[in-house]
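What follows is a set of notes on a single structure, which appears directly below.
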Amino acid sequence: MKRMKKIVLASSLAVVMLAGAATAFARPGGPGGSGGFPGMFMMRLFGDLDLTEQQELQAIRARRAIKEQAQQAREESSVQIGQAIDELGKANPDSQKLHGLADQAIARFTKVAHSAIDQMLAIHATLSPEQKTTLHTRAKEMHERRMEKRERREQRDEKKPARR
């Protein structure tokens with residue numbers, strides 16, 4: 001009976017880890033944050049730069065493309081989570097298959113992240129020196145605010161009683 005509990009626990013952990021890998025980059029916002037795909041962080045900053053019409057169109061197209069790519073990656077990962085659950089229903093789940101599914105999910109979201117970076121850099125190349133300075137300043141400020149928010153959340157969580 002102890003062996004069965006270990007198998008069930010390990011299987012559950014594998015599903016949770018695969019689901020986490022599949023959604024880590026493209027989850028909706030959680031408490032106190034807008035969440036979303038990391039590439040969208042930079043895209044939001046472009047909206048504050050007094051962009052030319054050409055730059056604005058490029059930013060809109062980039063945001064749409066990133067959103068579509070992330071949505072497709074989420075949908076494909078959802079199918080893989082089903083495959084992982086099916087694998088865990090077997091008497092002897094295939095460790096290599098589960099690792100492979102997790103690796104595929106990570107690769108899929110890495111591809112989306114790289115695409116977002118490339119699109120962001122294409123827009124960055126069109127910015128004036130003043131726009132680049134403003135972008136850099138605002139990115140630093142946004143990062144500092146996020147870190148402060150994280151620190152407040154961690155302090156708040158430390159004060160909460162531990163769950164059993």
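Please note that chains go A, B, ... in the order of the structure tokens, that every chain numbers its residues from 1, and that ligands are numbered from 1 in the order shown.
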Contacts of segment 58-162 of chain A with segment 45-48 of chain A up to 10 Å, shortest pair per row, only C-alpha atoms, as CSV:
```
residue,atom,partner,partner_atom,distance
A:Ala59,CA,A:Phe46,CA,7.3
A:Ile60,CA,A:Gly47,CA,9.5
A:Met120,CA,A:Phe46,CA,9.0
A:Ile123,CA,A:Phe46,CA,8.6
A:His124,CA,A:Phe46,CA,8.8
A:Leu127,CA,A:Phe46,CA,9.7
A:Gln131,CA,A:Phe46,CA,8.9
A:Lys132,CA,A:Phe46,CA,9.8
A:Thr134,CA,A:Asp48,CA,8.7
A:Leu135,CA,A:Leu45,CA,6.5
A:His136,CA,A:Leu45,CA,9.2
A:Arg138,CA,A:Leu45,CA,7.1
A:Ala139,CA,A:Leu45,CA,7.0
A:Met142,CA,A:Leu45,CA,8.9
```
Let me see the file: selected residues, N, CA and C atoms, as a tab-separated table (two decimals), in the first residue's frame.
```tsv
chain	number	residue	atom	x	y	z
A	59	ALA	N	3.79	48.18	-33.27
A	59	ALA	CA	3.56	47.70	-31.91
A	59	ALA	C	2.24	46.92	-31.82
A	60	ILE	N	1.21	47.41	-32.47
A	60	ILE	CA	-0.09	46.72	-32.46
A	60	ILE	C	0.04	45.34	-33.10
A	120	MET	N	10.06	42.96	-30.17
A	120	MET	CA	10.34	44.13	-29.35
A	120	MET	C	11.59	44.84	-29.86
A	123	ILE	N	10.95	46.94	-32.98
A	123	ILE	CA	10.35	48.24	-32.64
A	123	ILE	C	11.40	49.15	-32.03
A	124	HIS	N	12.20	48.60	-31.13
A	124	HIS	CA	13.26	49.38	-30.46
A	124	HIS	C	14.18	50.04	-31.49
A	127	LEU	N	13.05	53.47	-32.66
A	127	LEU	CA	12.87	54.54	-31.68
A	127	LEU	C	13.95	55.61	-31.80
A	131	GLN	N	13.17	58.49	-27.18
A	131	GLN	CA	12.24	57.40	-26.88
A	131	GLN	C	12.96	56.24	-26.21
A	132	LYS	N	14.17	55.94	-26.65
A	132	LYS	CA	14.94	54.85	-26.04
A	132	LYS	C	15.28	55.18	-24.58
A	134	THR	N	13.55	57.18	-22.60
A	134	THR	CA	12.28	57.08	-21.85
A	134	THR	C	11.91	55.63	-21.61
A	135	LEU	N	12.08	54.79	-22.63
A	135	LEU	CA	11.78	53.36	-22.49
A	135	LEU	C	12.63	52.74	-21.38
A	136	HIS	N	13.90	53.03	-21.40
A	136	HIS	CA	14.81	52.48	-20.39
A	136	HIS	C	14.42	52.94	-18.99
A	138	ARG	N	11.49	54.03	-17.89
A	138	ARG	CA	10.19	53.46	-17.48
A	138	ARG	C	10.30	51.98	-17.19
A	139	ALA	N	11.13	51.27	-17.94
A	139	ALA	CA	11.32	49.83	-17.68
A	139	ALA	C	11.94	49.64	-16.30
A	142	MET	N	9.25	50.36	-13.70
A	142	MET	CA	8.27	49.27	-13.64
A	142	MET	C	8.86	48.07	-12.90
```
Exercise. Point out the residue among A:Ala62, A:Ala105, A:Glu148, A:Asp157 with the least atom-to-atom distance to Arg74 of chain A, counting only C-alpha atoms.
Key: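 Nearest candidate to Arg74 of chain A out of A:Ala62, A:Ala105, A:Glu148, A:Asp157: A:Ala105.
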Quiz item: Near Leu98 of chain A, counting only C-alpha atoms, which residues have an atom at most 8 Å away, once you skip same-chain residues fewer than 2 positions from it, shown as a list in words?
Solution: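 Within the cut-off, the hits are Ala14, Ala84, Glu87, Asp94, Ser95, Gln96, Gly100, Leu101 and Ala102 of chain A.
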Quiz item: Nearest to Ala70 of chain A: which of A:Glu56, A:Gln104, A:Gln83, A:Thr110 is it, counting only C-alpha atoms?
Solution: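 Of all the options, A:Thr110 lies closest to Ala70 of chain A.
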